[in-house]
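Below: entry.pdb (PDB, C-alpha atoms, pLDDT in the B column)
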```pdb
ATOM      1  CA  MET A   1       0.000   0.000   0.000  1.00 44.00           C
ATOM      2  CA  SER A   2       1.285   3.478  -0.831  1.00 57.00           C
ATOM      3  CA  THR A   3       2.443   5.704   2.027  1.00 79.00           C
ATOM      4  CA  GLU A   4      -0.246   8.082   0.749  1.00 85.00           C
ATOM      5  CA  GLY A   5      -2.868   5.668   2.032  1.00 94.00           C
ATOM      6  CA  CYS A   6      -6.092   4.797   0.284  1.00 97.00           C
ATOM      7  CA  VAL A   7      -9.848   4.765   0.722  1.00 98.00           C
ATOM      8  CA  HIS A   8     -11.861   1.808  -0.464  1.00 97.00           C
ATOM      9  CA  LEU A   9     -15.488   0.735  -0.633  1.00 98.00           C
ATOM     10  CA  GLU A  10     -16.650  -2.723   0.384  1.00 98.00           C
ATOM     11  CA  LYS A  11     -20.192  -4.025  -0.108  1.00 97.00           C
ATOM     12  CA  GLU A  12     -21.876  -6.169   2.497  1.00 96.00           C
ATOM     13  CA  GLY A  13     -25.341  -6.880   1.177  1.00 96.00           C
ATOM     14  CA  ALA A  14     -27.222  -3.586   1.050  1.00 98.00           C
ATOM     15  CA  ILE A  15     -24.546  -1.751   3.044  1.00 98.00           C
ATOM     16  CA  GLY A  16     -21.587   0.123   1.632  1.00 98.00           C
ATOM     17  CA  HIS A  17     -18.533   0.262   3.893  1.00 98.00           C
ATOM     18  CA  VAL A  18     -16.072   3.092   3.211  1.00 98.00           C
ATOM     19  CA  ILE A  19     -12.728   2.465   4.930  1.00 98.00           C
ATOM     20  CA  LEU A  20     -10.094   5.152   5.486  1.00 98.00           C
ATOM     21  CA  ASP A  21      -6.966   3.042   5.177  1.00 98.00           C
ATOM     22  CA  ARG A  22      -3.699   4.552   6.389  1.00 97.00           C
ATOM     23  CA  PRO A  23      -3.339   3.030   9.861  1.00 97.00           C
ATOM     24  CA  ALA A  24       0.395   3.736  10.215  1.00 95.00           C
ATOM     25  CA  LYS A  25      -0.490   7.464  10.177  1.00 95.00           C
ATOM     26  CA  HIS A  26      -3.719   7.182  12.181  1.00 96.00           C
ATOM     27  CA  ASN A  27      -5.620   7.361   8.866  1.00 97.00           C
ATOM     28  CA  ALA A  28      -4.534  10.962   8.328  1.00 96.00           C
ATOM     29  CA  LEU A  29      -5.877  12.078   4.971  1.00 95.00           C
ATOM     30  CA  THR A  30      -3.774  12.880   1.910  1.00 93.00           C
ATOM     31  CA  PRO A  31      -4.888  14.582  -1.324  1.00 91.00           C
ATOM     32  CA  ARG A  32      -5.093  11.145  -2.939  1.00 93.00           C
ATOM     33  CA  MET A  33      -7.441  10.008  -0.155  1.00 95.00           C
ATOM     34  CA  TYR A  34      -9.560  13.150  -0.585  1.00 95.00           C
ATOM     35  CA  ARG A  35     -10.346  12.120  -4.148  1.00 96.00           C
ATOM     36  CA  GLU A  36     -10.880   8.489  -3.246  1.00 98.00           C
ATOM     37  CA  ILE A  37     -13.474   9.510  -0.644  1.00 98.00           C
ATOM     38  CA  GLY A  38     -15.275  11.357  -3.420  1.00 98.00           C
ATOM     39  CA  ALA A  39     -15.040   8.378  -5.761  1.00 98.00           C
ATOM     40  CA  CYS A  40     -16.426   6.027  -3.105  1.00 98.00           C
ATOM     41  CA  CYS A  41     -19.334   8.378  -2.441  1.00 98.00           C
ATOM     42  CA  GLU A  42     -20.119   8.508  -6.158  1.00 98.00           C
ATOM     43  CA  GLN A  43     -20.114   4.698  -6.261  1.00 98.00           C
ATOM     44  CA  VAL A  44     -22.494   4.540  -3.302  1.00 98.00           C
ATOM     45  CA  ASN A  45     -24.929   6.951  -4.931  1.00 98.00           C
ATOM     46  CA  ALA A  46     -24.760   5.126  -8.259  1.00 98.00           C
ATOM     47  CA  ASP A  47     -25.300   1.628  -6.854  1.00 98.00           C
ATOM     48  CA  PRO A  48     -29.029   0.881  -6.393  1.00 96.00           C
ATOM     49  CA  GLU A  49     -28.204  -2.140  -4.232  1.00 97.00           C
ATOM     50  CA  ILE A  50     -26.593   0.033  -1.536  1.00 98.00           C
ATOM     51  CA  ARG A  51     -29.168   1.448   0.867  1.00 98.00           C
ATOM     52  CA  ALA A  52     -26.933   2.736   3.680  1.00 98.00           C
ATOM     53  CA  VAL A  53     -23.225   3.420   4.156  1.00 98.00           C
ATOM     54  CA  VAL A  54     -20.780   3.110   7.065  1.00 98.00           C
ATOM     55  CA  PHE A  55     -17.515   5.044   7.376  1.00 98.00           C
ATOM     56  CA  SER A  56     -14.693   3.628   9.490  1.00 98.00           C
ATOM     57  CA  GLY A  57     -10.928   3.829   9.923  1.00 98.00           C
ATOM     58  CA  ALA A  58      -8.495   0.951   9.408  1.00 98.00           C
ATOM     59  CA  GLY A  59      -6.333  -0.357  12.229  1.00 96.00           C
ATOM     60  CA  GLU A  60      -6.881  -0.197  15.964  1.00 93.00           C
ATOM     61  CA  ARG A  61      -5.903   3.333  16.958  1.00 95.00           C
ATOM     62  CA  ALA A  62      -7.923   5.915  15.053  1.00 98.00           C
ATOM     63  CA  PHE A  63     -10.969   6.760  13.014  1.00 98.00           C
ATOM     64  CA  CYS A  64      -9.068   9.591  11.348  1.00 98.00           C
ATOM     65  CA  ALA A  65      -6.487  12.030  12.730  1.00 96.00           C
ATOM     66  CA  GLY A  66      -7.434  14.666  10.162  1.00 94.00           C
ATOM     67  CA  SER A  67      -5.585  15.902   7.124  1.00 90.00           C
ATOM     68  CA  ASP A  68      -1.881  15.148   6.924  1.00 89.00           C
ATOM     69  CA  ILE A  69      -0.314  18.542   7.712  1.00 81.00           C
ATOM     70  CA  SER A  70       2.751  17.725   5.636  1.00 81.00           C
ATOM     71  CA  ALA A  71       0.493  17.494   2.590  1.00 74.00           C
ATOM     72  CA  LEU A  72      -0.037  21.264   2.805  1.00 73.00           C
ATOM     73  CA  GLU A  73       3.425  21.629   1.293  1.00 72.00           C
ATOM     74  CA  GLU A  74       2.058  20.196  -1.943  1.00 75.00           C
ATOM     75  CA  TYR A  75      -0.031  23.332  -2.543  1.00 74.00           C
ATOM     76  CA  GLU A  76       1.821  26.089  -4.363  1.00 75.00           C
ATOM     77  CA  ASP A  77       0.060  28.907  -2.529  1.00 78.00           C
ATOM     78  CA  PHE A  78      -3.155  29.846  -0.730  1.00 77.00           C
ATOM     79  CA  TRP A  79      -5.058  30.032  -4.040  1.00 81.00           C
ATOM     80  CA  ALA A  80      -4.151  26.452  -4.851  1.00 78.00           C
ATOM     81  CA  TRP A  81      -5.368  25.441  -1.380  1.00 70.00           C
ATOM     82  CA  ARG A  82      -8.612  27.375  -1.853  1.00 78.00           C
ATOM     83  CA  ASN A  83      -9.290  25.474  -5.070  1.00 78.00           C
ATOM     84  CA  ARG A  84      -8.276  22.043  -3.758  1.00 80.00           C
ATOM     85  CA  TYR A  85     -10.521  19.013  -4.058  1.00 78.00           C
ATOM     86  CA  ASP A  86     -12.702  19.013  -0.912  1.00 91.00           C
ATOM     87  CA  TYR A  87     -13.749  15.618   0.461  1.00 95.00           C
ATOM     88  CA  ILE A  88     -16.600  16.847   2.685  1.00 96.00           C
ATOM     89  CA  PRO A  89     -19.110  17.880  -0.053  1.00 96.00           C
ATOM     90  CA  PRO A  90     -19.192  14.341  -1.528  1.00 97.00           C
ATOM     91  CA  ILE A  91     -20.073  12.931   1.899  1.00 98.00           C
ATOM     92  CA  ARG A  92     -22.815  15.514   2.338  1.00 97.00           C
ATOM     93  CA  ALA A  93     -24.050  14.727  -1.174  1.00 97.00           C
ATOM     94  CA  LEU A  94     -24.687  11.084  -0.289  1.00 98.00           C
ATOM     95  CA  ARG A  95     -28.364  10.325  -0.817  1.00 97.00           C
ATOM     96  CA  LYS A  96     -28.185   7.171   1.299  1.00 98.00           C
ATOM     97  CA  PRO A  97     -28.008   7.441   5.126  1.00 98.00           C
ATOM     98  CA  ALA A  98     -24.396   7.530   6.343  1.00 98.00           C
ATOM     99  CA  ILE A  99     -23.104   6.316   9.724  1.00 98.00           C
ATOM    100  CA  ALA A 100     -19.649   7.004  11.165  1.00 98.00           C
ATOM    101  CA  ALA A 101     -18.103   4.215  13.268  1.00 98.00           C
ATOM    102  CA  ILE A 102     -15.580   6.058  15.430  1.00 98.00           C
ATOM    103  CA  LYS A 103     -12.720   4.668  17.463  1.00 98.00           C
ATOM    104  CA  GLY A 104      -9.588   6.260  18.853  1.00 98.00           C
ATOM    105  CA  TRP A 105      -8.845   9.676  17.460  1.00 98.00           C
ATOM    106  CA  ALA A 106     -11.331  11.718  15.442  1.00 98.00           C
ATOM    107  CA  LEU A 107      -9.410  14.961  15.071  1.00 98.00           C
ATOM    108  CA  GLY A 108      -9.663  17.918  12.693  1.00 96.00           C
ATOM    109  CA  GLY A 109     -10.698  16.624   9.300  1.00 96.00           C
ATOM    110  CA  GLY A 110     -11.528  13.266  10.876  1.00 97.00           C
ATOM    111  CA  LEU A 111     -14.024  14.980  13.166  1.00 98.00           C
ATOM    112  CA  GLU A 112     -15.435  16.742  10.111  1.00 97.00           C
ATOM    113  CA  VAL A 113     -15.889  13.446   8.251  1.00 98.00           C
ATOM    114  CA  ALA A 114     -17.847  12.109  11.224  1.00 98.00           C
ATOM    115  CA  LEU A 115     -19.932  15.281  11.460  1.00 98.00           C
ATOM    116  CA  ALA A 116     -20.769  15.130   7.748  1.00 98.00           C
ATOM    117  CA  CYS A 117     -22.389  11.731   8.290  1.00 98.00           C
ATOM    118  CA  ASP A 118     -25.989  11.443   9.458  1.00 98.00           C
ATOM    119  CA  LEU A 119     -25.393   9.283  12.531  1.00 98.00           C
ATOM    120  CA  ARG A 120     -22.393   8.494  14.708  1.00 98.00           C
ATOM    121  CA  VAL A 121     -21.448   5.453  16.788  1.00 98.00           C
ATOM    122  CA  ALA A 122     -18.420   5.962  19.028  1.00 98.00           C
ATOM    123  CA  ALA A 123     -16.297   3.666  21.147  1.00 98.00           C
ATOM    124  CA  ARG A 124     -16.216   4.862  24.747  1.00 98.00           C
ATOM    125  CA  SER A 125     -12.461   5.349  24.389  1.00 98.00           C
ATOM    126  CA  ALA A 126     -12.741   7.665  21.376  1.00 98.00           C
ATOM    127  CA  THR A 127     -11.247  11.158  21.575  1.00 98.00           C
ATOM    128  CA  PHE A 128     -12.447  14.143  19.569  1.00 98.00           C
ATOM    129  CA  ALA A 129     -10.971  17.574  18.826  1.00 98.00           C
ATOM    130  CA  ALA A 130     -10.948  20.454  16.363  1.00 97.00           C
ATOM    131  CA  PRO A 131      -7.333  21.589  16.883  1.00 95.00           C
ATOM    132  CA  GLU A 132      -7.056  23.887  13.864  1.00 94.00           C
ATOM    133  CA  VAL A 133      -7.155  27.078  15.962  1.00 95.00           C
ATOM    134  CA  THR A 134      -3.982  25.983  17.760  1.00 95.00           C
ATOM    135  CA  LEU A 135      -2.237  25.838  14.370  1.00 90.00           C
ATOM    136  CA  GLY A 136      -3.357  29.307  13.352  1.00 91.00           C
ATOM    137  CA  TRP A 137      -6.385  28.621  11.227  1.00 87.00           C
ATOM    138  CA  ASN A 138      -9.972  27.362  11.354  1.00 91.00           C
ATOM    139  CA  GLY A 139     -11.402  24.106  10.084  1.00 88.00           C
ATOM    140  CA  ALA A 140     -12.615  24.376   6.501  1.00 84.00           C
ATOM    141  CA  GLY A 141     -14.588  21.132   6.377  1.00 90.00           C
ATOM    142  CA  GLY A 142     -17.739  22.087   8.220  1.00 92.00           C
ATOM    143  CA  ALA A 143     -16.897  21.649  11.923  1.00 95.00           C
ATOM    144  CA  ALA A 144     -18.392  25.046  12.781  1.00 96.00           C
ATOM    145  CA  GLN A 145     -21.478  24.512  10.619  1.00 95.00           C
ATOM    146  CA  HIS A 146     -22.251  21.054  11.952  1.00 96.00           C
ATOM    147  CA  MET A 147     -21.240  21.527  15.594  1.00 97.00           C
ATOM    148  CA  VAL A 148     -23.411  24.592  16.154  1.00 96.00           C
ATOM    149  CA  ARG A 149     -26.413  22.692  14.756  1.00 95.00           C
ATOM    150  CA  LEU A 150     -25.776  19.452  16.629  1.00 96.00           C
ATOM    151  CA  CYS A 151     -24.267  20.727  19.865  1.00 97.00           C
ATOM    152  CA  GLY A 152     -25.384  24.340  20.258  1.00 97.00           C
ATOM    153  CA  TYR A 153     -23.551  27.661  20.100  1.00 98.00           C
ATOM    154  CA  GLY A 154     -21.787  27.405  23.436  1.00 98.00           C
ATOM    155  CA  ASN A 155     -20.368  23.924  22.927  1.00 98.00           C
ATOM    156  CA  ALA A 156     -19.283  24.750  19.384  1.00 97.00           C
ATOM    157  CA  MET A 157     -17.479  27.863  20.594  1.00 98.00           C
ATOM    158  CA  ARG A 158     -15.941  26.043  23.549  1.00 98.00           C
ATOM    159  CA  TYR A 159     -14.192  23.390  21.496  1.00 98.00           C
ATOM    160  CA  LEU A 160     -13.530  25.323  18.299  1.00 98.00           C
ATOM    161  CA  LEU A 161     -11.961  28.286  20.124  1.00 97.00           C
ATOM    162  CA  THR A 162      -9.842  26.258  22.542  1.00 98.00           C
ATOM    163  CA  GLY A 163      -8.952  23.278  20.375  1.00 97.00           C
ATOM    164  CA  ASP A 164      -9.407  21.153  23.512  1.00 98.00           C
ATOM    165  CA  ARG A 165      -9.966  17.436  23.209  1.00 98.00           C
ATOM    166  CA  PHE A 166     -13.203  15.935  24.472  1.00 98.00           C
ATOM    167  CA  SER A 167     -14.338  12.421  25.257  1.00 98.00           C
ATOM    168  CA  ALA A 168     -16.929  10.185  23.654  1.00 98.00           C
ATOM    169  CA  GLN A 169     -19.117  10.724  26.725  1.00 98.00           C
ATOM    170  CA  ASP A 170     -18.841  14.501  26.237  1.00 98.00           C
ATOM    171  CA  ALA A 171     -19.791  14.031  22.580  1.00 98.00           C
ATOM    172  CA  LEU A 172     -22.831  11.979  23.578  1.00 98.00           C
ATOM    173  CA  ASP A 173     -23.901  14.480  26.244  1.00 98.00           C
ATOM    174  CA  MET A 174     -23.894  17.405  23.819  1.00 97.00           C
ATOM    175  CA  GLY A 175     -25.677  15.577  21.023  1.00 97.00           C
ATOM    176  CA  MET A 176     -22.781  14.952  18.646  1.00 98.00           C
ATOM    177  CA  VAL A 177     -22.854  11.165  19.007  1.00 98.00           C
ATOM    178  CA  GLU A 178     -25.968   8.977  19.076  1.00 98.00           C
ATOM    179  CA  TRP A 179     -24.534   5.686  20.411  1.00 98.00           C
ATOM    180  CA  LEU A 180     -21.642   4.711  22.698  1.00 98.00           C
ATOM    181  CA  VAL A 181     -20.274   1.177  22.615  1.00 98.00           C
ATOM    182  CA  GLU A 182     -17.345  -0.701  24.071  1.00 98.00           C
ATOM    183  CA  PRO A 183     -14.058  -0.354  22.158  1.00 97.00           C
ATOM    184  CA  GLY A 184     -13.953  -2.682  19.185  1.00 97.00           C
ATOM    185  CA  GLU A 185     -17.743  -2.842  18.832  1.00 98.00           C
ATOM    186  CA  GLU A 186     -18.267   0.402  16.920  1.00 98.00           C
ATOM    187  CA  VAL A 187     -18.187  -1.027  13.390  1.00 98.00           C
ATOM    188  CA  ALA A 188     -20.485  -3.938  14.274  1.00 98.00           C
ATOM    189  CA  LYS A 189     -22.966  -1.532  15.878  1.00 98.00           C
ATOM    190  CA  ALA A 190     -22.850   0.826  12.899  1.00 98.00           C
ATOM    191  CA  MET A 191     -23.393  -2.093  10.526  1.00 98.00           C
ATOM    192  CA  GLU A 192     -26.332  -3.268  12.649  1.00 98.00           C
ATOM    193  CA  ILE A 193     -27.948   0.166  12.447  1.00 98.00           C
ATOM    194  CA  ALA A 194     -27.255   0.377   8.718  1.00 98.00           C
ATOM    195  CA  ALA A 195     -28.863  -3.034   8.234  1.00 98.00           C
ATOM    196  CA  ARG A 196     -32.011  -1.875  10.058  1.00 98.00           C
ATOM    197  CA  ILE A 197     -32.190   1.211   7.851  1.00 98.00           C
ATOM    198  CA  ALA A 198     -31.590  -0.884   4.736  1.00 97.00           C
ATOM    199  CA  GLU A 199     -34.677  -2.975   5.547  1.00 97.00           C
ATOM    200  CA  HIS A 200     -36.878   0.038   4.874  1.00 96.00           C
ATOM    201  CA  ASN A 201     -37.997   1.298   1.497  1.00 93.00           C
ATOM    202  CA  THR A 202     -34.990   3.055  -0.020  1.00 93.00           C
ATOM    203  CA  VAL A 203     -37.080   5.941  -1.372  1.00 93.00           C
ATOM    204  CA  ALA A 204     -38.500   6.496   2.107  1.00 94.00           C
ATOM    205  CA  THR A 205     -35.112   6.546   3.832  1.00 96.00           C
ATOM    206  CA  GLN A 206     -33.696   8.916   1.249  1.00 94.00           C
ATOM    207  CA  ALA A 207     -36.773  11.129   1.591  1.00 93.00           C
ATOM    208  CA  VAL A 208     -36.343  11.250   5.372  1.00 95.00           C
ATOM    209  CA  LYS A 209     -32.676  12.201   5.008  1.00 95.00           C
ATOM    210  CA  SER A 210     -33.501  14.880   2.450  1.00 94.00           C
ATOM    211  CA  ALA A 211     -36.274  16.295   4.652  1.00 94.00           C
ATOM    212  CA  VAL A 212     -34.095  16.514   7.754  1.00 94.00           C
ATOM    213  CA  ARG A 213     -31.216  18.107   5.866  1.00 92.00           C
ATOM    214  CA  PHE A 214     -33.655  20.614   4.358  1.00 93.00           C
ATOM    215  CA  ALA A 215     -34.969  21.430   7.834  1.00 93.00           C
ATOM    216  CA  MET A 216     -31.501  22.493   8.977  1.00 90.00           C
ATOM    217  CA  ASP A 217     -31.388  25.359   6.484  1.00 90.00           C
ATOM    218  CA  HIS A 218     -34.988  26.456   5.895  1.00 91.00           C
ATOM    219  CA  PRO A 219     -37.945  27.852   7.869  1.00 90.00           C
ATOM    220  CA  VAL A 220     -40.665  25.520   9.116  1.00 92.00           C
ATOM    221  CA  GLN A 221     -43.296  26.503   6.546  1.00 93.00           C
ATOM    222  CA  SER A 222     -40.948  25.780   3.648  1.00 92.00           C
ATOM    223  CA  GLY A 223     -40.004  22.514   5.314  1.00 88.00           C
ATOM    224  CA  LEU A 224     -43.625  21.436   5.650  1.00 90.00           C
ATOM    225  CA  SER A 225     -44.194  22.005   1.962  1.00 91.00           C
ATOM    226  CA  TYR A 226     -41.038  20.073   1.125  1.00 89.00           C
ATOM    227  CA  ASP A 227     -42.096  17.186   3.388  1.00 89.00           C
ATOM    228  CA  ASN A 228     -45.432  17.025   1.577  1.00 86.00           C
ATOM    229  CA  GLU A 229     -43.763  16.914  -1.843  1.00 89.00           C
ATOM    230  CA  LEU A 230     -41.406  14.149  -0.717  1.00 90.00           C
ATOM    231  CA  MET A 231     -44.286  12.115   0.691  1.00 86.00           C
ATOM    232  CA  SER A 232     -46.140  12.500  -2.603  1.00 89.00           C
ATOM    233  CA  LEU A 233     -43.087  11.174  -4.430  1.00 82.00           C
ATOM    234  CA  CYS A 234     -42.928   8.208  -2.062  1.00 83.00           C
ATOM    235  CA  PHE A 235     -46.588   7.423  -2.731  1.00 83.00           C
ATOM    236  CA  ALA A 236     -46.039   7.696  -6.484  1.00 79.00           C
ATOM    237  CA  LYS A 237     -43.027   5.379  -6.363  1.00 74.00           C
ATOM    238  CA  ASN A 238     -44.864   2.836  -4.196  1.00 74.00           C
ATOM    239  CA  ASP A 239     -47.868   2.860  -6.526  1.00 68.00           C
ATOM    240  CA  ARG A 240     -45.657   2.301  -9.560  1.00 72.00           C
ATOM    241  CA  ASP A 241     -43.850  -0.546  -7.829  1.00 73.00           C
ATOM    242  CA  LYS A 242     -47.177  -2.232  -7.014  1.00 70.00           C
ATOM    243  CA  GLN A 243     -48.305  -1.882 -10.614  1.00 70.00           C
ATOM    244  CA  GLN A 244     -45.067  -3.401 -11.822  1.00 76.00           C
ATOM    245  CA  GLY A 245     -45.102  -6.116  -9.172  1.00 69.00           C
ATOM    246  CA  GLY A 246     -41.941  -4.777  -7.508  1.00 52.00           C
ATOM    247  CA  GLY A 247     -41.072  -4.347  -3.820  1.00 45.00           C
TER     248      GLY A 247
END
```

Whole structure, structure tokens version:
Amino acid sequence: MSTEGCVHLEKEGAIGHVILDRPAKHNALTPRMYREIGACCEQVNADPEIRAVVFSGAGERAFCAGSDISALEEYEDFWAWRNRYDYIPPIRALRKPAIAAIKGWALGGGLEVALACDLRVAARSATFAAPEVTLGWNGAGGAAQHMVRLCGYGNAMRYLLTGDRFSAQDALDMGMVEWLVEPGEEVAKAMEIAARIAEHNTVATQAVKSAVRFAMDHPVQSGLSYDNELMSLCFAKNDRDKQQGGG
């Protein structure tokens, strides 16, 4: 395996499993891995057999320690950095529900990968942080946007301004994580949840995800109208499936 690491997609029935694979560097992300995350997300969206997706990190020590700082040297200047390939939008563009299975470190960009997913399962020993401020910059992958929505203004400010690390229990208490499990059980739990989701009608689960995401950025009245349109689409799809003898 290249020292640049890789990201690969495995299929387990109706579940896609995206693995960040650079364990010797705590799965720290390189520009090559950025693009491979995007490619895996495109595959998930294009594959009608995949109904839910799990993100995890290879090895025993980390989900993802963020972007490899040394990779910044590859960018000629700030303009090249500004126009880099960004791996967070492809995760947010997933139509299928996404679950992060977090162990060990979830720092910087690794935290942002987890936050871009819809649900998060964390080992009790997991450690989180957004340390960018200690390096002289802010996180560009959505930590501020997602944390303030999930955890509230005060908690977002607390951890983004200090760069302090926080525990899996802290993450659960402030609404960032939905499940805590014993170390080593996080992937199995995430796969179990994904399997439950995959049992439901895929149009319905994608409609629910779309509705909730819409609710984060729009007023209630607009959201109600959007919910109604999505439900109408679900009914139309179900009726067509019945007529065609499908499930």

Practice prompt. Go through A:Pro48, A:Pro89, A:Gly152, A:Gly184 and flag the residue nearest Ala62 of chain A, using only C-alpha atoms for the distances.
Written response: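 Answer, going by the shortest atom-to-atom distance: A:Gly184.
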
Residues matched by the PyMOL selection byres ((chain A and resi 136-145) around 12) as a PDB file with C-alpha atoms, in the frame of the given file:
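Saved as selection.pdb:
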```pdb
ATOM      1  CA  TYR A  34      -9.560  13.150  -0.585  1.00 95.00           C
ATOM      2  CA  GLY A  66      -7.434  14.666  10.162  1.00 94.00           C
ATOM      3  CA  SER A  67      -5.585  15.902   7.124  1.00 90.00           C
ATOM      4  CA  TRP A  81      -5.368  25.441  -1.380  1.00 70.00           C
ATOM      5  CA  ARG A  82      -8.612  27.375  -1.853  1.00 78.00           C
ATOM      6  CA  ARG A  84      -8.276  22.043  -3.758  1.00 80.00           C
ATOM      7  CA  TYR A  85     -10.521  19.013  -4.058  1.00 78.00           C
ATOM      8  CA  ASP A  86     -12.702  19.013  -0.912  1.00 91.00           C
ATOM      9  CA  TYR A  87     -13.749  15.618   0.461  1.00 95.00           C
ATOM     10  CA  ILE A  88     -16.600  16.847   2.685  1.00 96.00           C
ATOM     11  CA  PRO A  89     -19.110  17.880  -0.053  1.00 96.00           C
ATOM     12  CA  PRO A  90     -19.192  14.341  -1.528  1.00 97.00           C
ATOM     13  CA  ILE A  91     -20.073  12.931   1.899  1.00 98.00           C
ATOM     14  CA  ARG A  92     -22.815  15.514   2.338  1.00 97.00           C
ATOM     15  CA  ALA A 106     -11.331  11.718  15.442  1.00 98.00           C
ATOM     16  CA  LEU A 107      -9.410  14.961  15.071  1.00 98.00           C
ATOM     17  CA  GLY A 108      -9.663  17.918  12.693  1.00 96.00           C
ATOM     18  CA  GLY A 109     -10.698  16.624   9.300  1.00 96.00           C
ATOM     19  CA  GLY A 110     -11.528  13.266  10.876  1.00 97.00           C
ATOM     20  CA  LEU A 111     -14.024  14.980  13.166  1.00 98.00           C
ATOM     21  CA  GLU A 112     -15.435  16.742  10.111  1.00 97.00           C
ATOM     22  CA  VAL A 113     -15.889  13.446   8.251  1.00 98.00           C
ATOM     23  CA  ALA A 114     -17.847  12.109  11.224  1.00 98.00           C
ATOM     24  CA  LEU A 115     -19.932  15.281  11.460  1.00 98.00           C
ATOM     25  CA  ALA A 116     -20.769  15.130   7.748  1.00 98.00           C
ATOM     26  CA  CYS A 117     -22.389  11.731   8.290  1.00 98.00           C
ATOM     27  CA  PHE A 128     -12.447  14.143  19.569  1.00 98.00           C
ATOM     28  CA  ALA A 129     -10.971  17.574  18.826  1.00 98.00           C
ATOM     29  CA  ALA A 130     -10.948  20.454  16.363  1.00 97.00           C
ATOM     30  CA  PRO A 131      -7.333  21.589  16.883  1.00 95.00           C
ATOM     31  CA  GLU A 132      -7.056  23.887  13.864  1.00 94.00           C
ATOM     32  CA  VAL A 133      -7.155  27.078  15.962  1.00 95.00           C
ATOM     33  CA  THR A 134      -3.982  25.983  17.760  1.00 95.00           C
ATOM     34  CA  LEU A 135      -2.237  25.838  14.370  1.00 90.00           C
ATOM     35  CA  HIS A 146     -22.251  21.054  11.952  1.00 96.00           C
ATOM     36  CA  MET A 147     -21.240  21.527  15.594  1.00 97.00           C
ATOM     37  CA  VAL A 148     -23.411  24.592  16.154  1.00 96.00           C
ATOM     38  CA  ARG A 149     -26.413  22.692  14.756  1.00 95.00           C
ATOM     39  CA  LEU A 150     -25.776  19.452  16.629  1.00 96.00           C
ATOM     40  CA  CYS A 151     -24.267  20.727  19.865  1.00 97.00           C
ATOM     41  CA  GLY A 152     -25.384  24.340  20.258  1.00 97.00           C
ATOM     42  CA  TYR A 153     -23.551  27.661  20.100  1.00 98.00           C
ATOM     43  CA  GLY A 154     -21.787  27.405  23.436  1.00 98.00           C
ATOM     44  CA  ASN A 155     -20.368  23.924  22.927  1.00 98.00           C
ATOM     45  CA  ALA A 156     -19.283  24.750  19.384  1.00 97.00           C
ATOM     46  CA  MET A 157     -17.479  27.863  20.594  1.00 98.00           C
ATOM     47  CA  ARG A 158     -15.941  26.043  23.549  1.00 98.00           C
ATOM     48  CA  TYR A 159     -14.192  23.390  21.496  1.00 98.00           C
ATOM     49  CA  LEU A 160     -13.530  25.323  18.299  1.00 98.00           C
ATOM     50  CA  LEU A 161     -11.961  28.286  20.124  1.00 97.00           C
ATOM     51  CA  THR A 162      -9.842  26.258  22.542  1.00 98.00           C
ATOM     52  CA  GLY A 163      -8.952  23.278  20.375  1.00 97.00           C
ATOM     53  CA  MET A 176     -22.781  14.952  18.646  1.00 98.00           C
ATOM     54  CA  MET A 216     -31.501  22.493   8.977  1.00 90.00           C
ATOM     55  CA  ASP A 217     -31.388  25.359   6.484  1.00 90.00           C
TER      56      ASP A 217
END
```

Worksheet item: In Å, with one decimal, what is the gap from atom CA of Val53 of chain A to atom CA of Phe214 of chain A?
Response: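 Separating atom CA of Val53 of chain A from atom CA of Phe214 of chain A is a distance of 20.1 Å.
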
Discussion item. Could you tell me how far atom CA of Cys41 of chain A sits from atom CA of Asn83 of chain A, in Å to one decimal place?
Written reply: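 Atom-to-atom, atom CA of Asn83 of chain A to atom CA of Cys41 of chain A, that is 20.0 Å.
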
Practice prompt. Would you mind listing what lies within 12 Å of Ile197 of chain A as a VMD selection string, with only C-alpha atoms counted and same-chain residues fewer than 3 positions away left out?
Written response: chain A and resid 14 to 15 50 to 54 96 to 99 119 190 to 194 200 to 206 208 to 209

Worksheet item: Any idea what the distance is between atom CA of Ser210 of chain A and atom CA of Trp179 of chain A?
Response: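 Taking atom CA of Ser210 of chain A as the start and atom CA of Trp179 of chain A as the end point, the length is 22.1 Å.
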
Worksheet entry | Counting all atoms listed in the file, the option among A:Gly5, A:Gly13, A:Gly59, A:Gly38 closest to Trp105 of chain A |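 Checking each candidate against Trp105 of chain A, we get A:Gly59 as the closest.
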
Draw an axis-aligned box tight on the listed atoms of segment 44-55 of chain A, then pad every side by 3 Å and write out centre and edge lengths in Å to one decimal as AutoDock Vina command-line options.
```
--center_x -23.3 --center_y 2.4 --center_z -0.4 --size_x 17.7 --size_y 15.1 --size_z 21.6
```

Worksheet item: Taking into account only C-alpha atoms, which residue in the set A:Val7, A:Ala58, A:Ala93, A:Ala188 is nearest to Met33 of chain A?
Response: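 Of all the options, A:Val7 lies closest to Met33 of chain A.
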
Worksheet item: Which residues, protein or nucleic acid, reach to within 12 Å of (-40.8, 16.2, 0.5) in the file's coordinates when using all atoms listed in the file, and can you give that as a VMD selection string?
Response: chain A and resid 203 to 215 222 to 235

Worksheet item: Looking at A:Arg95, A:Arg240, A:Arg61, A:His218, which one is nearest to Thr127 of chain A, with distances taken over all atoms listed in the file?
Response: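 So, comparing all the options, the nearest one is A:Arg61.
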